[in-house]
Protein chains: 2
Amino acid sequence: MLRLAGQTARHQANRQRMASEIRNILFIMFDQLRFDYLSCAGHAHLETPHMDALAARGVRFSRAYVQSTICGASRMSFYTGRYVASHGAAWNNFPLKVGEMTLGDHLRKRGMRSWLIGKTHMKADDEGMDRLGISRDSIIGARVSECGFDVHTRDDGLWAQGEEGFYDTRRSPYNEYLNAKGYDAENPWANNANAGIDGEGNIASGWLMKNAGLAANVAEEDSETPWLTSRAIDFLDSPEAQEPWLCHLSYIKPHWPYIVPAPYNDMYGRQHIQRAIRDERERRDPHPVYAEFMEGKVGSSFARDEVRDAVIPAYMGLVKQCDDQMGRLFAHLEKIGRMADTMIVLTSDHGDYLGDHWLGEKELFHDPSVRIPLIVYDPRKEADAARGTVCDALVESIDLAPTFMEAIGATIPNHILEGRSLTPLLKGDTPEDWRDFAISEYDYSATPIADRLGLAPKDARMFMVVTERWKMIHSEGGFRPMLFDLDADPQEFDDLGDSPEHRDIIEKMYDYLFAWARRSSQRTTVSDDLVRSMRKNGSQHKGILLGVYDEDDIEPNLLTKYRGKASTPPDRAQKRRAGQN
Amino acid sequence: MLRLAGQTARHQANRQRMASEIRNILFIMFDQLRFDYLSCAGHAHLETPHMDALAARGVRFSRAYVQSTICGASRMSFYTGRYVASHGAAWNNFPLKVGEMTLGDHLRKRGMRSWLIGKTHMKADDEGMDRLGISRDSIIGARVSECGFDVHTRDDGLWAQGEEGFYDTRRSPYNEYLNAKGYDAENPWANNANAGIDGEGNIASGWLMKNAGLAANVAEEDSETPWLTSRAIDFLDSPEAQEPWLCHLSYIKPHWPYIVPAPYNDMYGRQHIQRAIRDERERRDPHPVYAEFMEGKVGSSFARDEVRDAVIPAYMGLVKQCDDQMGRLFAHLEKIGRMADTMIVLTSDHGDYLGDHWLGEKELFHDPSVRIPLIVYDPRKEADAARGTVCDALVESIDLAPTFMEAIGATIPNHILEGRSLTPLLKGDTPEDWRDFAISEYDYSATPIADRLGLAPKDARMFMVVTERWKMIHSEGGFRPMLFDLDADPQEFDDLGDSPEHRDIIEKMYDYLFAWARRSSQRTTVSDDLVRSMRKNGSQHKGILLGVYDEDDIEPNLLTKYRGKASTPPDRAQKRRAGQN
């Protein structure tokens with residue numbers, strides 16, 4: 001335990017007293033945080049001591065993958081514990097259907113409430129709620145509308161505004177906060193927190209990446225990340241937190257707009273930018289879908305060095321600010337003694353290409369996009385052996401939901417949850433039968449790229465299958481697969497998708513995808529245990545006799561109901577039967 | 001039109017006047033009616049003139065398959081228009097999850113109510129309704145509980161009773177009817193309608209197949225099939241029927257218990273039993289799953305000639321009674337002029353092995369089980385060309401829901417409904433791109449057979465893929481496939497599942513299954529049209545700018561929101577930014 005940073009004696013005492021069980025779960029998510037932008041994950045210039053400290057007291061998963069590389073779909077998988085193809089909310093603002101169960105529903109059944117502080121990117125299924133008569137004003141309706149969470153502070157953090165109005169039409173607690181603090185803009189999120197000032201004192205919007213290096217026109221303490229941390233500290237000190245809780249603390253940063261207040265805006269310069277992970281080979285005869293993404297506006301923009309030079313130092317500053325806020329948050333947890341009985345998860349909903357592979361943003365399946373940072377701190381003694389270790393087992397984001405269920409001693413509803421509890425890995429044992437492959441999906445049917453490729457909505461979908469060594473990407477619509485050898489080519493430059501020597505590997509990868517696609521994902525109203533019990537108790541004790549010819553075919557006791565004097569039918573009926581009419 | 005039987009001049013007049021549109025849909029389902037037990041389908045001894053007459057005025061589909069070979073799962077596919085793997089109600093009494101949309105929901109949106117008369121085999125998702133606060137007493141709750149239908153008469157027709165009580169614990173309108181008619185038994189369904197009388201005047205239950213030949217101890221007019229037809233006639237004459245309607249008239253017969261009142265009980269004898277479709281080859285080294293079903297209680301019972309000799313004449317009598325009731329029903333429709341504007345569908349939820357392939361009941365995928373009778377009468381003029389024809393296109397039971405939507409001029413929600421409208425086939429054209437294969441599924445995880453095979457719940461599942469010529473059955477759990485050549489071996493005796501010469505065929509069939517398994521089935525909250533419109537209208541008009549480095553990367557009009565004088569931040573903030581603290 002020497003690794004443990006900043007511990008107080010009180011915390012130590014609490015550990016001894018409480019570590020036998022988990023009382024709370026702090027589920028921290030950053031948005032668009034790359035797996036490799038932590039110093040504990042090997043970044044050359046970025047120091048993230050507080051995240052590193054959490055890794056030192058927990059387990060860092062080095063091969064964690066999201067179920068989809070776009071925010072909304074990925075989050076719906078975190079929150080439902082199910083693959084995208086199972087919950088159906090396949091893209092941003094595709095509503096999560098009413099009836100789809102969430103982590104909040106599962107934990108609530110076990111007496112634990114799930115609180116939201118920050119972002120979900122959830123779009124409510126208004127039509128479904130109307131159809132089922134569920135009012136958004138009711139407690140049930142409010143939870144259905146916010147992905148099963150009870151809302152402490154909901155702020156999706158994208159208060160973008162154009163001539164068609166706001167991207168997010170709901171109230172902005174953050175803008176309300178800034179206005180109350182004296183920021184007098186109509187939309188201080190856009191004009192202060194995500195904009196600098198140019199030479200003439202005009203707004204220099206963070207939406208224009210050339211402005212990324214300017215200081216955001218906001219006090220650091222008033223910027224989004226510290227503001228949300230303050231809301232989390234408010235929660236930890238609130239009456240609600242006196243009961244066991246799951247708190248989903250969900251930050252918008254380091255997500256774009258790429259701009260950060262002083263002093264973070266000029267902490268990093270070109271000299272701190274790591275070399276782009278890209279190679280000319282990738283532009284020679286690329287896979288048609290990959291080609292379209294490279295040629296798209298975002299890809300071609302991030303292929304420019306001036307864009308990387310402007311954006312990456314700001315992105316690093318945003319990450320640095322996030323790390324400092326983790327220090328603030330963890331110190332408060334120590335102070336109130338909650339480090340001792342709180343499981344802490346730190347992760348992200350996907351990565352950010354930042355120009356790698358000639359792409360920006362996320363969406364495709366190279367590691368900078370599909371791999372996520374994942375650190376899990378388990379306060380229980382049983383987890384001591386694994387503290388500070390790195391686990392390279394294949395982990396999926398849907399593994400968190402069953403991990404949380406097991407953490408509070410609940411049965412895992414594995415007829416609904418499709419992931420696997422990480423509990424054994426948190427103790428340092430990887431089960432013999434741990435998964436051989438992980439899956440990720442991307443539905444780009446609503447993007448212009450689908451039009452450029454001439455694809456019908458149902459064909460603009462991709463699947464990634466990754467094993468310890470291989471990564472294959474299948475695209476619907478009649479394209480060849482993409483294949484990467486992660487041992488020989490960890491940077492994923494050589495697409496072996498049409499290599500004759502790799503036919504067998506590709507076939508094997510398709511076998512995995514096929515097995516996954518045939519899984520039972522919708523039999524969610526009947527548990528496996530109930531199914532097994534039905535095998536023993538057929539319906540014969542309720543009078544259903546099948547395949548019984550005569551008394552010899554059946555236990556005598558089952559026959560009682562079929563014995564006895566026949567009741568006299570009514571005369572009219574008797575006459576009829578005798579044909580007297 | 002010469003084929004049309006029993007038409008009245010009034011009907012003809014109505015036809016001329018009304019045939020331009022469909023006002024009502026009469027969706028008739030029998031339970032466990034074999035596709036080949038109609039005279040129009042070639043039965044050697046059974047005459048079904050009324051069903052034949054409907055076929056003469058409509059189209060008979062000779063290759064219609066159910067989505068599952070068990071009642072509940074098959075019906076949920078009819079009623080949701082979705083594959084079993086999509087709706088999840090994979091076996092009898094597996095609740096249909098709240099939120100799963102039904103035919104009733106889709107039609108209601110277009111102003112047509114869907115009425116239930118008879119059976120659905122629906123089990124409500126009580127837990128889901130509680131979770132979402134939906135009361136079964138509310139109109140919405142009542143519909144959710146009965147698969148989207150408005151209930152005219154709900155009678156699932158299985159009033160079996162054992163020492164653990166009733167199989168169906170809800171009220172029995174049929175027993176209430178019989179009691180009111182003077183049948184004084186506690187459960188006249190069991191003791192009169194489904195039992196005969198032995199020599200000593202004791203109950204001879206229909207549950208014992210040796211009694212199948214006895215006359216049921218009930219007046220023919222009081223037996224289930226005529227009783228339900230009377231309820232349908234009541235409905236047709238009711239105020240509810242004055243508005244456009246879909247009426248699901250869903251009979252329990254010719255489903256077991258195999259017993260029928262006079263005169264139907266002795267209409268047929270051994271001389272009318274068609275030769276069993278079975279061969280000793282099937283018992284030599286059978287597929288392990290098939291072997292378990294043959295060795296099961298039902299299979300081994302139906303393999304006995306005495307069982308077939310007892311059951312089949314009674315089954316034929318039940319079918320004959322069903323046909324006579326169709327005559328009664330259709331005559332009433334003619335009388336009230338509804339033949340002119342009502343689409344009529346006649347089908348079944350699955351077949352009945354009746355000893356074929358050494359099996360009884362249904363469940364596996366040989367034709368006697370998975371193929372169903374399907375007759376569709378479309379009153380519109382456009383359908384005249386195809387009247388009396390037989391269509392051998394591959395049809396699935398989920399094709400009915402989109403057919404009904406199109407029949408009333410509604411847009412087909414093809415992001416939810418997975419079948420394909422039969423409308424072109426009803427006009428005599430089979431589209432070039434009609435499906436190449438049909439799918440059926442069977443989840444036997446809740447049966448003792450799964451235990452005998454040592455299968456986990458999620459592995460006790462089977463998939464059938466059938467094309468014009470081939471039928472392959474895949475079983476989860478590591479078994480080889482089964483394959484039949486329907487051209488060379490229409491009786492399905494020769495299992496080619498391990499034939500080396502058929503590797504390519506099997507691979508091709510697996511390709512079909514794989515393509516089907518990857519389908520998008522859960523993106524049900526966003527229509528394809530909406531997806532396409534999203535391609536055109538990104539979020540840039542709501543202020544989201546991606547890949548924009550400077551003004552040159554964007555249309556000037558989009559920049560307005562990012563221009564203007566920067567707002568003055570509060571002093572405190574300014575000081576902070578200047579580091580004055």
# chains A, B, ... in the order shown; residues from 1 in each chain; ligands from 1
call {"tool": "residues_around", "arguments": {"residues": "segment 110-121 of chain B", "least_positions_apart": "6", "cutoff": "9 Å", "atoms": "only C-alpha atoms", "output": "PyMOL selection string"}}
result
chain B and resi 24-25+29+31+71-73+75-76+79+92-93+103-104+146-157+228+231-232+235+243-252+405+408-410
call {"tool": "residues_around", "arguments": {"residues": "His366 of chain B", "least_positions_apart": "2", "cutoff": "10 Å", "atoms": "only C-alpha atoms", "output": "list in words"}}
result
Thr69, Gly351, Asp352, Tyr353, Asp356, His357, Leu359, Lys362, Glu363, Leu364, Pro368, Ser369, Val370, Arg371, Met464, Lys471, Ile473, Phe484, Gln491, Glu492 and Phe493 of chain B
call {"tool": "residues_around", "arguments": {"residues": "Arg136 of chain A", "least_positions_apart": "4", "cutoff": "12 Å", "atoms": "only C-alpha atoms", "output": "count of residues only"}}
result
17
call {"tool": "closest_residue", "arguments": {"among": "B:Gly497, B:Gly317, B:Gly162, B:Pro261", "to": "Gly196 of chain B", "atoms": "only C-alpha atoms"}}
result
B:Pro261
call {"tool": "select_by_dssp", "arguments": {"residues": "segment 326-562 of chain B", "states": "helix (DSSP H, G or I)", "output": "PyMOL selection string"}}
result
chain B and resi 326-335+338-340+356-358+367-370+381-386+397-407+423-426+448-452+457-459+500-517+528-536+540-542+551-553+556-562
call {"tool": "interface_residues", "arguments": {"of": "chain B", "to": "chain A", "cutoff": "6 Å", "atoms": "only C-alpha atoms", "output": "VMD selection string"}}
result
chain B and resid 88 95 98 to 99 160 to 167 182 to 183 185 202 to 203 205 207 to 210 219 297 to 298 301 446 to 448 514 517 to 518 522 to 523 525 531 534 to 535 541 to 545 547 to 550 562 to 567 569 to 570 573 577
call {"tool": "select_by_dssp", "arguments": {"residues": "segment 142-290 of chain B", "states": "strand (DSSP E)", "output": "MDAnalysis selection string"}}
result
chainID B and resid 150:154 161:162 165:166 195:197 203:205 245:254
call {"tool": "write_last_selection", "arguments": {"atoms": "C-alpha atoms", "output": "PDB file, in the first residue's frame"}}
result
ATOM      1  CA  ASP B 150     -58.648  -4.465 -27.556  1.00  0.00           C
ATOM      2  CA  VAL B 151     -60.341  -7.454 -26.001  1.00  0.00           C
ATOM      3  CA  HIS B 152     -63.779  -8.457 -27.267  1.00  0.00           C
ATOM      4  CA  THR B 153     -63.500 -12.030 -25.982  1.00  0.00           C
ATOM      5  CA  ARG B 154     -60.250 -13.348 -24.599  1.00  0.00           C
ATOM      6  CA  GLN B 161     -56.402 -28.103 -14.222  1.00  0.00           C
ATOM      7  CA  GLY B 162     -54.053 -30.144 -12.051  1.00  0.00           C
ATOM      8  CA  GLY B 165     -54.407 -25.437 -10.077  1.00  0.00           C
ATOM      9  CA  PHE B 166     -55.282 -24.042 -13.492  1.00  0.00           C
ATOM     10  CA  ALA B 195     -63.974 -35.324 -22.469  1.00  0.00           C
ATOM     11  CA  GLY B 196     -66.261 -38.113 -23.487  1.00  0.00           C
ATOM     12  CA  ILE B 197     -68.111 -40.636 -21.332  1.00  0.00           C
ATOM     13  CA  ILE B 203     -65.458 -38.937 -17.525  1.00  0.00           C
ATOM     14  CA  ALA B 204     -63.227 -40.189 -20.338  1.00  0.00           C
ATOM     15  CA  SER B 205     -60.814 -37.307 -20.620  1.00  0.00           C
ATOM     16  CA  TRP B 245     -61.512  -2.767 -37.561  1.00  0.00           C
ATOM     17  CA  LEU B 246     -58.964  -5.502 -37.525  1.00  0.00           C
ATOM     18  CA  CYS B 247     -60.468  -8.561 -35.866  1.00  0.00           C
ATOM     19  CA  HIS B 248     -58.130 -11.301 -34.755  1.00  0.00           C
ATOM     20  CA  LEU B 249     -60.381 -14.359 -34.610  1.00  0.00           C
ATOM     21  CA  SER B 250     -58.120 -16.871 -32.977  1.00  0.00           C
ATOM     22  CA  TYR B 251     -59.366 -20.442 -32.482  1.00  0.00           C
ATOM     23  CA  ILE B 252     -57.878 -22.976 -30.090  1.00  0.00           C
ATOM     24  CA  LYS B 253     -58.728 -25.921 -32.341  1.00  0.00           C
ATOM     25  CA  PRO B 254     -57.697 -28.288 -33.907  1.00  0.00           C
TER      26      PRO B 254
END
call {"tool": "closest_residue", "arguments": {"among": "A:Glu292, A:Glu555, A:Asp36, A:Glu382", "to": "Ser348 of chain A", "atoms": "only C-alpha atoms"}}
result
A:Asp36
call {"tool": "atom_distance", "arguments": {"atom1": "atom CA of Tyr65 of chain A", "atom2": "atom CA of Ser397 of chain A"}}
result
6.2 Å
call {"tool": "atom_distance", "arguments": {"atom1": "atom CA of Gly81 of chain A", "atom2": "atom CA of Glu418 of chain A"}}
result
6.1 Å
call {"tool": "closest_residue", "arguments": {"among": "A:Val319, A:Leu400, A:Ile416, A:Val376", "to": "Leu54 of chain A", "atoms": "only C-alpha atoms"}}
result
A:Val376
call {"tool": "closest_residue", "arguments": {"among": "A:Leu214, A:Leu425, A:Met482, A:Ala303", "to": "Pro286 of chain A", "atoms": "only C-alpha atoms"}}
result
A:Met482
call {"tool": "residues_around", "arguments": {"residues": "Arg480 of chain A", "least_positions_apart": "5", "cutoff": "8 Å", "atoms": "only C-alpha atoms", "output": "MDAnalysis selection string"}}
result
chainID A and resid 287 474:475 497:498
